[in-house]
file my_file.txt (compact mmCIF, C-alpha atoms)
# COMPACT_ATOMS: atom_id res chain seq x y z
CA MET Y 1 -48.92 28.65 -35.04
CA LEU Y 2 -49.68 24.99 -35.78
CA ALA Y 3 -46.00 24.31 -36.37
CA GLN Y 4 -45.32 25.18 -32.74
CA PHE Y 5 -47.67 22.48 -31.43
CA PRO Y 6 -46.25 19.12 -30.34
CA ALA Y 7 -46.61 16.63 -33.20
CA GLU Y 8 -49.04 14.41 -31.32
CA CYS Y 9 -51.25 17.42 -30.57
CA LEU Y 10 -51.34 18.43 -34.21
CA ASN Y 11 -52.34 14.89 -35.18
CA LYS Y 12 -55.13 14.86 -32.61
CA THR Y 13 -56.32 18.26 -33.78
CA LEU Y 14 -56.46 17.10 -37.39
CA ILE Y 15 -58.23 13.88 -36.43
CA LEU Y 16 -60.80 15.78 -34.36
CA MET Y 17 -61.42 18.29 -37.16
CA THR Y 18 -61.67 15.50 -39.77
CA VAL Y 19 -64.25 13.63 -37.70
CA LEU Y 20 -66.31 16.78 -37.39
CA PHE Y 21 -66.08 18.19 -40.91
CA ASN Y 22 -66.59 14.87 -42.70
CA SER Y 23 -70.11 14.74 -41.33
CA ILE Y 24 -72.88 16.23 -43.46
CA ASP Y 25 -74.93 16.81 -40.30
CA PHE Y 26 -72.07 18.80 -38.78
CA GLN Y 27 -71.66 20.91 -41.92
CA VAL Y 28 -75.37 21.69 -41.92
CA GLY Y 29 -75.25 22.39 -38.19
CA LEU Y 30 -72.18 24.58 -38.56
CA ARG Y 31 -73.79 26.65 -41.30
CA THR Y 32 -76.88 26.99 -39.13
CA ALA Y 33 -74.78 28.07 -36.17
CA ILE Y 34 -72.93 30.68 -38.23
CA LYS Y 35 -76.18 32.08 -39.62
CA LYS Y 36 -77.68 32.25 -36.15
CA ALA Y 37 -74.56 33.84 -34.71
CA ARG Y 38 -74.51 36.50 -37.42
CA ARG Y 39 -78.18 37.24 -36.90
CA ILE Y 40 -77.67 37.47 -33.14
CA MET Y 41 -74.72 39.84 -33.58
CA LYS Y 42 -76.84 42.10 -35.79
CA THR Y 43 -79.90 42.19 -33.56
CA SER Y 44 -78.59 41.94 -29.97
CA LYS Y 45 -77.84 45.32 -28.40
CA ASP Y 46 -76.13 43.63 -25.47
CA LEU Y 47 -73.72 41.73 -27.68
CA LYS Y 48 -72.94 44.80 -29.79
CA SER Y 49 -72.09 46.88 -26.76
CA PHE Y 50 -69.99 44.12 -25.22
CA MET Y 51 -68.09 43.09 -28.33
CA GLY Y 52 -67.16 46.70 -28.97
CA PHE Y 53 -65.44 47.06 -25.63
CA SER Y 54 -61.91 46.18 -26.76
CA SER Y 55 -62.04 48.59 -29.71
CA ILE Y 56 -63.48 51.32 -27.51
CA CYS Y 57 -60.42 51.01 -25.29
CA THR Y 58 -58.22 52.26 -28.14
CA PHE Y 59 -59.72 55.75 -27.84
CA PRO Y 60 -57.43 57.99 -25.73
CA LEU Y 61 -60.30 59.45 -23.73
CA LEU Y 62 -61.44 55.98 -22.61
CA ALA Y 63 -58.05 54.34 -22.15
CA ASN Y 64 -57.88 55.30 -18.47
CA LEU Y 65 -61.35 53.86 -17.85
CA CYS Y 66 -60.38 50.58 -19.49
CA GLU Y 67 -57.23 50.40 -17.40
CA LYS Y 68 -59.28 50.94 -14.27
CA ILE Y 69 -61.56 48.05 -15.21
CA LYS Y 70 -58.54 45.80 -15.76
CA TYR Y 71 -57.07 46.92 -12.42
CA VAL Y 72 -60.33 46.19 -10.59
CA ILE Y 73 -60.61 42.68 -12.00
CA ARG Y 74 -56.95 42.00 -11.31
CA ASN Y 75 -57.20 43.19 -7.68
CA LYS Y 76 -60.62 41.65 -6.94
CA LEU Y 77 -62.25 44.94 -5.89
CA PRO Y 78 -65.55 46.46 -7.10
CA PHE Y 79 -65.29 48.60 -10.23
CA GLU Y 80 -68.02 50.96 -9.02
CA ASP Y 81 -67.46 51.78 -5.35
CA PHE Y 82 -67.81 55.51 -4.78
CA ASP Y 83 -67.24 55.47 -1.03
CA GLY Y 84 -64.40 52.92 -1.01
CA ASP Y 85 -65.96 50.51 1.50
CA LYS Y 86 -65.43 47.50 -0.86
CA PHE Y 87 -69.18 47.11 -1.47
CA SER Y 88 -71.06 48.25 -4.55
CA THR Y 89 -74.52 48.92 -5.98
CA PHE Y 90 -73.33 47.56 -9.34
CA PRO Y 91 -73.72 43.79 -9.85
CA THR Y 92 -70.76 42.67 -11.96
CA LEU Y 93 -67.07 43.67 -12.22
CA ARG Y 94 -66.60 42.45 -8.65
CA GLY Y 95 -69.76 44.22 -7.52
CA TYR Y 96 -72.61 42.90 -5.39
CA HIS Y 97 -72.73 39.54 -7.14
CA TRP Y 98 -69.51 38.92 -5.25
CA ARG Y 99 -69.92 40.31 -1.76
CA GLY Y 100 -73.35 41.73 -0.96
CA ARG Y 101 -75.12 44.88 -2.12
CA ASP Y 102 -74.30 48.28 -0.69
CA CYS Y 103 -77.39 50.28 0.24
CA ASN Y 104 -75.63 53.67 0.31
CA ASP Y 105 -72.56 54.00 -1.91
CA LYS Y 106 -71.96 57.57 -0.76
CA ASN Y 107 -71.29 56.69 2.87
CA THR Y 108 -68.28 54.59 3.79
CA THR Y 109 -69.83 53.61 7.15
CA VAL Y 110 -72.86 52.01 5.48
CA TYR Y 111 -72.43 48.50 4.06
CA PRO Y 112 -73.68 44.91 4.55
CA GLY Y 113 -72.52 43.04 7.63
CA ARG Y 114 -71.65 45.84 10.03
CA ARG Y 115 -73.14 46.25 13.48
CA PRO Y 116 -76.00 48.79 13.44
CA ASP Y 117 -75.17 52.42 14.13
CA ASN Y 118 -77.31 53.60 17.07
CA TRP Y 119 -79.73 50.75 16.32
CA ASP Y 120 -80.41 52.27 12.90
CA VAL Y 121 -82.93 54.74 14.27
CA LYS Y 122 -82.58 57.16 11.35
CA SER Y 123 -81.27 55.01 8.50
CA ASP Y 124 -80.17 51.48 7.54
CA SER Y 125 -76.44 51.30 8.27
CA ASN Y 126 -75.98 47.53 7.74
CA CYS Y 127 -78.15 47.07 4.65
CA ASN Y 128 -80.41 44.43 6.18
CA GLY Y 129 -83.50 46.49 5.33
CA ILE Y 130 -84.45 47.09 8.98
CA TRP Y 131 -84.43 50.61 10.39
CA GLY Y 132 -86.62 53.19 12.13
CA VAL Y 133 -88.59 53.19 15.38
CA ASP Y 134 -91.76 51.31 16.28
CA PRO Y 135 -94.35 54.08 16.87
CA LYS Y 136 -96.20 51.89 19.36
CA ASP Y 137 -93.44 51.75 21.97
CA GLY Y 138 -90.59 53.93 20.65
CA ILE Y 139 -88.12 51.01 20.45
CA PRO Y 140 -85.91 50.90 17.34
CA TYR Y 141 -86.86 47.99 15.09
CA GLU Y 142 -83.24 46.88 14.84
CA GLU Y 143 -83.00 46.64 18.62
CA LYS Y 144 -86.40 45.00 19.00
CA PHE Y 145 -85.93 42.36 16.29
CA CYS Y 146 -82.17 41.83 16.03
CA LYS Y 147 -80.57 42.40 19.43
CA GLY Y 148 -78.94 39.14 20.51
CA ALA Y 149 -79.79 37.47 17.19
CA ASP Y 150 -76.23 36.21 16.56
CA SER Y 151 -75.99 37.91 13.17
CA ARG Y 152 -73.26 36.48 10.95
CA GLY Y 153 -71.63 37.29 7.65
CA VAL Y 154 -70.61 34.59 5.19
CA VAL Y 155 -67.29 34.50 3.31
CA LEU Y 156 -66.11 31.81 0.91
CA LEU Y 157 -62.36 31.67 0.31
CA GLY Y 158 -61.83 29.39 -2.63
CA ASP Y 159 -61.27 28.94 -6.32
CA SER Y 160 -63.33 29.05 -9.51
CA ALA Y 161 -65.31 26.00 -8.39
CA GLY Y 162 -66.53 27.88 -5.32
CA ALA Y 163 -67.38 30.90 -7.49
CA HIS Y 164 -69.38 28.62 -9.82
CA PHE Y 165 -67.41 28.92 -13.05
CA HIS Y 166 -69.94 28.21 -15.77
CA ILE Y 167 -70.05 28.41 -19.57
CA PRO Y 168 -73.68 27.92 -20.67
CA PRO Y 169 -73.85 24.81 -22.88
CA GLU Y 170 -76.37 26.54 -25.16
CA TRP Y 171 -73.52 28.78 -26.33
CA MET Y 172 -71.91 25.72 -27.93
CA THR Y 173 -74.89 23.55 -28.82
CA VAL Y 174 -76.17 24.39 -32.30
CA THR Y 175 -79.73 23.25 -31.67
CA GLU Y 176 -80.03 25.56 -28.67
CA MET Y 177 -78.46 28.74 -30.06
CA SER Y 178 -80.71 31.79 -30.10
CA ALA Y 179 -80.64 35.50 -29.26
CA LYS Y 180 -82.05 34.60 -25.86
CA SER Y 181 -79.29 32.09 -25.12
CA PHE Y 182 -76.64 34.79 -25.61
CA ALA Y 183 -78.47 37.54 -23.73
CA ASN Y 184 -76.39 36.94 -20.58
CA LEU Y 185 -73.04 37.04 -22.41
CA PRO Y 186 -72.01 40.58 -21.28
CA MET Y 187 -72.87 39.81 -17.66
CA ALA Y 188 -71.02 36.50 -17.77
CA PHE Y 189 -67.82 38.00 -19.15
CA SER Y 190 -67.88 40.96 -16.76
CA ASP Y 191 -68.15 38.39 -13.95
CA GLU Y 192 -65.15 36.52 -15.46
CA LEU Y 193 -67.37 33.58 -16.45
CA ASP Y 194 -68.06 33.01 -12.77
CA TRP Y 195 -71.59 33.17 -11.41
CA PRO Y 196 -70.91 34.05 -7.76
CA GLN Y 197 -74.53 34.98 -7.11
CA PHE Y 198 -75.27 31.27 -7.61
CA SER Y 199 -72.12 29.97 -5.96
CA GLU Y 200 -71.67 27.52 -3.14
CA ILE Y 201 -72.40 28.78 0.39
CA THR Y 202 -74.08 31.90 -1.20
CA GLY Y 203 -70.96 34.06 -0.90
CA PHE Y 204 -67.55 34.20 -2.51
CA LEU Y 205 -64.22 35.96 -2.27
CA ASN Y 206 -61.23 34.37 -3.97
CA SER Y 207 -58.48 36.26 -2.20
CA THR Y 208 -57.92 37.26 1.40
CA ILE Y 209 -56.18 40.37 0.07
CA GLY Y 210 -59.47 42.20 -0.31
CA LEU Y 211 -61.39 40.74 2.62
CA ALA Y 212 -64.23 43.17 3.29
CA ARG Y 213 -64.45 42.88 7.07
CA ASN Y 214 -63.88 45.51 9.76
CA GLN Y 215 -62.71 43.87 12.95
CA LEU Y 216 -64.13 46.57 15.21
CA LEU Y 217 -67.40 47.57 13.51
CA ASP Y 218 -68.68 44.40 11.84
CA ASN Y 219 -70.55 41.29 12.89
CA PRO Y 220 -68.61 38.02 13.15
CA ALA Y 221 -68.27 35.97 9.97
CA ILE Y 222 -68.52 32.33 8.96
CA VAL Y 223 -65.59 31.68 6.64
CA ILE Y 224 -65.54 28.61 4.40
CA TYR Y 225 -62.00 27.81 3.23
CA ALA Y 226 -62.50 25.60 0.18
CA THR Y 227 -59.81 25.36 -2.49
CA ILE Y 228 -61.37 22.04 -3.65
CA GLY Y 229 -58.76 21.12 -6.28
CA ASN Y 230 -56.42 24.01 -7.06
CA ASP Y 231 -53.51 22.60 -5.09
CA VAL Y 232 -53.32 19.43 -7.18
CA CYS Y 233 -54.63 20.69 -10.51
CA ASN Y 234 -52.42 22.18 -13.20
CA GLY Y 235 -51.86 21.76 -16.93
CA ASN Y 236 -48.20 20.75 -16.83
CA ARG Y 237 -46.86 17.57 -18.37
CA ASP Y 238 -45.07 16.71 -15.13
CA THR Y 239 -48.17 17.55 -13.15
CA LEU Y 240 -47.11 15.77 -9.95
CA ALA Y 241 -44.02 17.97 -9.65
CA HIS Y 242 -46.21 21.09 -9.75
CA MET Y 243 -48.69 20.02 -7.08
CA THR Y 244 -48.66 21.62 -3.64
CA THR Y 245 -46.77 19.50 -1.12
CA PRO Y 246 -48.11 18.86 2.40
CA LYS Y 247 -45.35 21.10 3.81
CA GLU Y 248 -46.30 23.93 1.44
CA MET Y 249 -49.98 23.41 2.23
CA LEU Y 250 -49.34 23.78 5.95
CA SER Y 251 -47.36 26.97 5.43
CA ASN Y 252 -49.87 28.53 3.01
CA VAL Y 253 -52.95 27.76 5.08
CA MET Y 254 -51.40 28.91 8.33
CA GLN Y 255 -50.38 32.17 6.69
CA ALA Y 256 -53.97 32.68 5.49
CA LEU Y 257 -55.41 31.82 8.90
CA ARG Y 258 -53.11 34.23 10.69
CA TYR Y 259 -54.24 36.93 8.30
CA LEU Y 260 -57.86 36.09 9.02
CA ASP Y 261 -57.18 36.25 12.73
CA SER Y 262 -55.95 39.82 12.26
CA ARG Y 263 -59.06 40.85 10.30
CA LEU Y 264 -62.10 38.89 11.45
CA PRO Y 265 -64.27 40.18 14.32
CA ASN Y 266 -64.10 38.17 17.51
CA GLY Y 267 -66.57 35.29 17.63
CA SER Y 268 -66.11 34.31 13.99
CA HIS Y 269 -65.86 30.72 12.73
CA VAL Y 270 -63.71 29.11 10.03
CA ILE Y 271 -64.56 25.81 8.33
CA LEU Y 272 -61.76 24.12 6.38
CA THR Y 273 -63.06 21.94 3.56
CA GLY Y 274 -60.96 19.05 2.28
CA LEU Y 275 -60.02 18.58 -1.36
CA VAL Y 276 -62.29 16.69 -3.71
CA ASP Y 277 -61.56 13.23 -5.09
CA GLY Y 278 -61.49 14.24 -8.76
CA ARG Y 279 -61.49 10.69 -10.13
CA PHE Y 280 -65.24 11.27 -10.17
CA LEU Y 281 -64.75 13.40 -13.32
CA TRP Y 282 -63.16 10.81 -15.60
CA ASP Y 283 -65.26 7.97 -14.23
CA ASN Y 284 -68.52 9.72 -15.09
CA LEU Y 285 -67.72 11.77 -18.21
CA HIS Y 286 -64.93 10.27 -20.32
CA ASP Y 287 -67.18 8.24 -22.65
CA ARG Y 288 -70.01 10.77 -22.85
CA TYR Y 289 -70.43 13.27 -25.68
CA HIS Y 290 -69.30 16.85 -25.16
CA PRO Y 291 -71.72 19.63 -26.28
CA LEU Y 292 -69.47 20.16 -29.32
CA GLY Y 293 -70.10 16.55 -30.34
CA GLN Y 294 -73.75 16.14 -29.46
CA LEU Y 295 -74.94 16.90 -33.00
CA ASN Y 296 -73.09 13.96 -34.54
CA LYS Y 297 -72.41 11.90 -31.42
CA ASP Y 298 -68.70 11.87 -32.24
CA VAL Y 299 -66.74 14.09 -29.81
CA THR Y 300 -66.33 12.68 -26.32
CA TYR Y 301 -64.95 14.25 -23.18
CA SER Y 302 -62.01 11.88 -23.42
CA GLN Y 303 -61.07 13.46 -26.75
CA ILE Y 304 -61.51 16.99 -25.35
CA TYR Y 305 -59.40 16.17 -22.28
CA SER Y 306 -56.66 14.66 -24.46
CA PHE Y 307 -56.62 17.67 -26.77
CA LEU Y 308 -56.39 20.17 -23.89
CA ASP Y 309 -53.66 18.11 -22.25
CA CYS Y 310 -51.65 18.12 -25.47
CA LEU Y 311 -51.77 21.91 -25.55
CA GLN Y 312 -50.88 21.99 -21.84
CA VAL Y 313 -54.01 23.98 -21.06
CA SER Y 314 -55.85 21.21 -19.23
CA PRO Y 315 -57.48 22.47 -16.03
CA CYS Y 316 -56.26 19.31 -14.31
CA SER Y 317 -53.81 16.99 -16.04
CA GLY Y 318 -53.76 14.66 -13.06
CA TRP Y 319 -57.46 13.80 -13.13
CA LEU Y 320 -58.56 14.46 -16.72
CA THR Y 321 -56.45 11.66 -18.16
CA PRO Y 322 -56.87 8.04 -19.27
CA ASN Y 323 -53.83 7.21 -17.11
CA GLU Y 324 -55.45 5.52 -14.12
CA THR Y 325 -52.19 5.46 -12.17
CA LEU Y 326 -51.86 9.23 -12.51
CA ARG Y 327 -55.48 9.76 -11.48
CA ASN Y 328 -54.87 7.66 -8.38
CA LEU Y 329 -51.67 9.52 -7.51
CA THR Y 330 -53.46 12.85 -7.85
CA SER Y 331 -56.20 11.70 -5.49
CA GLU Y 332 -53.55 10.41 -3.09
CA ARG Y 333 -51.94 13.86 -2.98
CA ALA Y 334 -55.35 15.48 -2.52
CA LEU Y 335 -55.98 13.22 0.48
CA GLN Y 336 -52.59 14.12 1.96
CA LEU Y 337 -53.43 17.82 1.70
CA SER Y 338 -56.87 17.25 3.21
CA ASN Y 339 -55.18 15.55 6.15
CA VAL Y 340 -53.06 18.67 6.64
CA LEU Y 341 -56.25 20.73 6.91
CA LYS Y 342 -57.77 18.23 9.29
CA GLU Y 343 -54.72 18.38 11.57
CA ILE Y 344 -54.76 22.19 11.55
CA ALA Y 345 -58.38 22.19 12.67
CA ARG Y 346 -57.57 19.67 15.41
CA SER Y 347 -54.47 21.31 16.84
CA GLU Y 348 -54.40 25.04 16.10
CA LYS Y 349 -56.09 27.80 18.10
CA PHE Y 350 -56.77 31.39 17.12
CA ALA Y 351 -57.82 34.48 19.05
CA ASN Y 352 -60.81 35.62 17.00
CA PHE Y 353 -62.32 32.44 15.58
CA ASP Y 354 -62.69 28.75 16.24
CA ILE Y 355 -61.91 26.31 13.47
CA PHE Y 356 -63.49 23.13 12.09
CA TYR Y 357 -62.84 20.62 9.33
CA MET Y 358 -65.12 18.68 7.01
CA ASP Y 359 -64.46 16.45 4.00
CA PHE Y 360 -65.60 17.79 0.66
CA PRO Y 361 -69.17 16.42 0.43
CA LEU Y 362 -68.95 14.86 -3.05
CA ARG Y 363 -69.99 11.38 -1.99
CA GLN Y 364 -73.02 12.66 -0.04
CA THR Y 365 -73.92 15.02 -2.90
CA ALA Y 366 -73.87 12.19 -5.45
CA GLU Y 367 -75.96 9.99 -3.16
CA GLU Y 368 -78.56 12.71 -2.60
CA TRP Y 369 -78.77 13.38 -6.32
CA ARG Y 370 -79.16 9.66 -7.04
CA LYS Y 371 -82.08 9.50 -4.58
CA MET Y 372 -83.69 12.37 -6.50
CA GLY Y 373 -83.44 10.38 -9.74
CA GLY Y 374 -80.37 12.16 -11.10
CA GLU Y 375 -77.25 10.85 -12.82
CA PRO Y 376 -73.69 11.49 -11.52
CA TRP Y 377 -72.54 13.22 -14.74
CA GLN Y 378 -75.16 15.92 -14.17
CA LEU Y 379 -73.13 17.13 -11.17
CA ILE Y 380 -70.33 18.31 -13.50
CA GLU Y 381 -70.30 21.42 -15.69
CA PRO Y 382 -71.04 20.18 -19.24
CA VAL Y 383 -68.79 22.57 -21.21
CA ASP Y 384 -65.52 22.43 -19.26
CA GLY Y 385 -66.15 18.94 -17.87
CA PHE Y 386 -64.38 19.90 -14.67
CA HIS Y 387 -66.20 22.31 -12.33
CA PRO Y 388 -69.22 21.42 -10.14
CA SER Y 389 -72.57 22.17 -11.76
CA GLN Y 390 -75.24 24.36 -10.20
CA ILE Y 391 -76.99 21.20 -8.99
CA ALA Y 392 -73.82 20.05 -7.22
CA ALA Y 393 -73.31 23.49 -5.67
CA ALA Y 394 -76.85 23.62 -4.30
CA LEU Y 395 -76.78 20.09 -2.87
CA GLY Y 396 -73.27 20.54 -1.47
CA THR Y 397 -74.27 23.78 0.23
CA SER Y 398 -77.24 22.12 1.86
CA ILE Y 399 -75.04 19.30 3.17
CA THR Y 400 -72.49 21.78 4.53
CA TRP Y 401 -75.04 23.86 6.43
CA GLN Y 402 -76.83 20.80 7.75
CA LYS Y 403 -73.55 19.50 9.12
CA ALA Y 404 -72.87 22.83 10.79
CA LEU Y 405 -76.38 22.96 12.20
CA HIS Y 406 -76.18 19.51 13.78
CA GLU Y 407 -72.50 19.17 14.71
CA TRP Y 408 -71.41 22.78 15.32
CA PRO Y 409 -74.59 24.69 16.29
CA GLN Y 410 -72.53 27.60 17.60
CA VAL Y 411 -71.47 28.40 14.04
CA LEU Y 412 -74.94 29.40 12.87
CA GLY Y 413 -76.26 30.58 16.21
CA LYS Y 414 -79.90 30.72 17.21
CA GLU Y 415 -82.74 31.24 14.75
CA ASN Y 416 -84.21 34.70 15.08
CA PRO Y 417 -87.67 34.30 16.67
CA PHE Y 418 -88.82 37.57 15.08
CA ASN Y 419 -88.34 36.55 11.44
CA ASP Y 420 -92.08 36.49 10.71
CA GLN Y 421 -92.60 39.94 12.19
CA ILE Y 422 -89.63 41.32 10.24
CA GLU Y 423 -91.07 40.01 6.99
CA ALA Y 424 -94.53 41.34 7.82
CA ILE Y 425 -93.27 44.88 8.44
CA PHE Y 426 -90.36 45.21 6.01
CA LYS Y 427 -91.46 42.71 3.31
CA ASP Y 428 -89.10 40.93 0.92
CA GLN Y 429 -86.68 43.58 -0.35
CA GLY Y 430 -84.78 41.29 -2.70
CA GLY Y 431 -81.86 40.73 -0.36
CA HIS Y 432 -78.60 42.60 0.06
call {"tool": "encode", "arguments": {"input": "my_file.txt", "output": "structure tokens"}}
result
Amino acid sequence: MLAQFPAECLNKTLILMTVLFNSIDFQVGLRTAIKKARRIMKTSKDLKSFMGFSSICTFPLLANLCEKIKYVIRNKLPFEDFDGDKFSTFPTLRGYHWRGRDCNDKNTTVYPGRRPDNWDVKSDSNCNGIWGVDPKDGIPYEEKFCKGADSRGVVLLGDSAGAHFHIPPEWMTVTEMSAKSFANLPMAFSDELDWPQFSEITGFLNSTIGLARNQLLDNPAIVIYATIGNDVCNGNRDTLAHMTTPKEMLSNVMQALRYLDSRLPNGSHVILTGLVDGRFLWDNLHDRYHPLGQLNKDVTYSQIYSFLDCLQVSPCSGWLTPNETLRNLTSERALQLSNVLKEIARSEKFANFDIFYMDFPLRQTAEEWRKMGGEPWQLIEPVDGFHPSQIAAALGTSITWQKALHEWPQVLGKENPFNDQIEAIFKDQGGH
């Protein structure tokens, strides 16, 4: 396989391996890591069950089940969805981590986000935990507390950044490896190494193909359209030639918006988010040590980026490069595509939703984090050196909703004045 690598990549691989293996500390650390990994594999039930999945799929009786799992992941639909309403009681494999928890998976008319059925007198049809009748006056609780409350659903149309792609650094840092650090491995892989339950905006759906919204029965939705960097990021050597052009961007986004107009309930809102300026990544990480190099202080992000680029598997050749001219050109294209989104929001009208635009809030996020005593590099995922960290997602979400609250108050609607009474009667049910 090595003979198929470009010569410069092979040289960089050998140099990187030589730097690592020539260190006594690394050899000790590596032996420690291997011992810990073997011990974890022997003692962790979760890891045993997960690692055996691929071999289990070779059994004829389970082959169909494995194919179904692959189909579900490929088509972005819940693996366990008995009533076919696109909502699940199972967390991973595109379950409720991704789009809200079903409260009755045997009834296709019961799911999060729908308008209540007969004010939910007999049961909870919209999974908000509110149902029944107040014995004092005979008024259904749903009608009493939620009528006119401007209920909204939330949908995030985006990429792996919006879904919070995350590889825990403790998986790769020898000094932090333990059985506990790998306990979430099965969940992480069955969520495709995304952590949508912790994602930006608190909701995620990465394809309009499976949009779980009924135009006639459901509440309006707030849709955040945030591709962030996908349209300029690729791993090709001639990366500029493979970036989305402004003309293609206009066509693609308009096609998506027309689809949304055919599916979203009337009164919905769409917020288009501009692309990020990814020069932030190189500027703040290139000379720092990657988790793989923290033991010896000898493997930097610059080396990792260069190695991935050589193999043409870089998540973003245009930004993760020492070539400043290329980084600038990539940001220039990102700005052009953001301007396309801005013009769409200014000029286009749709029947079932209004539309807004905001710049990706990286600058404001970094400033807020600085005020809190943080460093810019902490806003980037440490293992891949590319995606926003959980800190960045939380701060960015706050900035987005604050902007909507102050500049577009109709998006969020009025605060429900009965929230305290709802909590007093129905308590905290863990959310749906």
call {"tool": "closest_residue", "arguments": {"input": "my_file.txt", "among": "Y:Leu329, Y:Ala366, Y:Ala345, Y:Leu216", "to": "Ser262 (chain Y)", "atoms": "only C-alpha atoms"}}
result
Y:Leu216
call {"tool": "atom_distance", "arguments": {"input": "my_file.txt", "atom1": "CA of Pro168 (chain Y)", "atom2": "CA of Asp191 (chain Y)"}}
result
13.6 Å
call {"tool": "atom_distance", "arguments": {"input": "my_file.txt", "atom1": "CA of Leu337 (chain Y)", "atom2": "CA of Thr244 (chain Y)"}}
result
8.1 Å
call {"tool": "closest_residue", "arguments": {"input": "my_file.txt", "among": "Y:Val411, Y:Leu362, Y:Val121, Y:Leu257", "to": "Gly138 (chain Y)", "atoms": "all atoms listed in the file"}}
result
Y:Val121
call {"tool": "residues_around", "arguments": {"input": "my_file.txt", "residues": "Asn219 (chain Y)", "least_positions_apart": "4", "cutoff": "9 Å", "atoms": "all atoms listed in the file", "output": "PDB file with C-alpha atoms, in the coordinates of the input"}}
result
ATOM      1  CA  GLY Y 113     -72.520  43.040   7.630  1.00  0.00           C
ATOM      2  CA  ARG Y 114     -71.650  45.840  10.030  1.00  0.00           C
ATOM      3  CA  ARG Y 115     -73.140  46.250  13.480  1.00  0.00           C
ATOM      4  CA  ASP Y 150     -76.230  36.210  16.560  1.00  0.00           C
ATOM      5  CA  SER Y 151     -75.990  37.910  13.170  1.00  0.00           C
ATOM      6  CA  ARG Y 152     -73.260  36.480  10.950  1.00  0.00           C
ATOM      7  CA  GLY Y 153     -71.630  37.290   7.650  1.00  0.00           C
ATOM      8  CA  ARG Y 213     -64.450  42.880   7.070  1.00  0.00           C
ATOM      9  CA  ASN Y 214     -63.880  45.510   9.760  1.00  0.00           C
ATOM     10  CA  GLN Y 215     -62.710  43.870  12.950  1.00  0.00           C
ATOM     11  CA  LEU Y 264     -62.100  38.890  11.450  1.00  0.00           C
ATOM     12  CA  PRO Y 265     -64.270  40.180  14.320  1.00  0.00           C
ATOM     13  CA  ASN Y 266     -64.100  38.170  17.510  1.00  0.00           C
ATOM     14  CA  GLY Y 267     -66.570  35.290  17.630  1.00  0.00           C
ATOM     15  CA  SER Y 268     -66.110  34.310  13.990  1.00  0.00           C
TER      16      SER Y 268
END
call {"tool": "closest_residue", "arguments": {"input": "my_file.txt", "among": "Y:Thr325, Y:Gln336, Y:Asn352, Y:Thr400", "to": "Arg263 (chain Y)", "atoms": "only C-alpha atoms"}}
result
Y:Asn352
call {"tool": "closest_residue", "arguments": {"input": "my_file.txt", "among": "Y:Leu156, Y:Ile422, Y:Leu250, Y:Leu240", "to": "Lys144 (chain Y)", "atoms": "all atoms listed in the file"}}
result
Y:Ile422
call {"tool": "closest_atom_pairs", "arguments": {"input": "my_file.txt", "of": "region 231-348 of chain Y", "to": "region 375-386 of chain Y", "cutoff": "10 Å", "atoms": "all atoms listed in the file", "output": "CSV"}}
result
residue,atom,partner,partner_atom,distance
Y:Gly278,CA,Y:Phe386,CA,8.7
Y:Phe280,CA,Y:Pro376,CA,8.6
Y:Leu281,CA,Y:Phe386,CA,6.6
Y:Trp282,CA,Y:Gly385,CA,9.0
Y:Asp283,CA,Y:Trp377,CA,9.0
Y:Asn284,CA,Y:Trp377,CA,5.3
Y:Leu285,CA,Y:Trp377,CA,6.1
Y:His286,CA,Y:Gly385,CA,9.1
Y:Arg288,CA,Y:Trp377,CA,8.8
Y:Tyr289,CA,Y:Pro382,CA,9.5
Y:His290,CA,Y:Val383,CA,7.0
Y:Pro291,CA,Y:Val383,CA,6.6
Y:Leu292,CA,Y:Val383,CA,8.5
Y:Tyr301,CA,Y:Gly385,CA,7.2
Y:Ser302,CA,Y:Gly385,CA,9.9
Y:Ile304,CA,Y:Gly385,CA,9.0
Y:Tyr305,CA,Y:Gly385,CA,8.5
Y:Ser314,CA,Y:Asp384,CA,9.7
Y:Pro315,CA,Y:Phe386,CA,7.5
Y:Cys316,CA,Y:Phe386,CA,8.1
Y:Trp319,CA,Y:Phe386,CA,9.4
Y:Leu320,CA,Y:Phe386,CA,8.2
call {"tool": "atom_distance", "arguments": {"input": "my_file.txt", "atom1": "CA of Thr245 (chain Y)", "atom2": "CA of Glu192 (chain Y)"}}
result
28.9 Å
call {"tool": "closest_residue", "arguments": {"input": "my_file.txt", "among": "Y:Val232, Y:Ala161, Y:Phe356, Y:Cys310", "to": "Arg327 (chain Y)", "atoms": "only C-alpha atoms"}}
result
Y:Val232
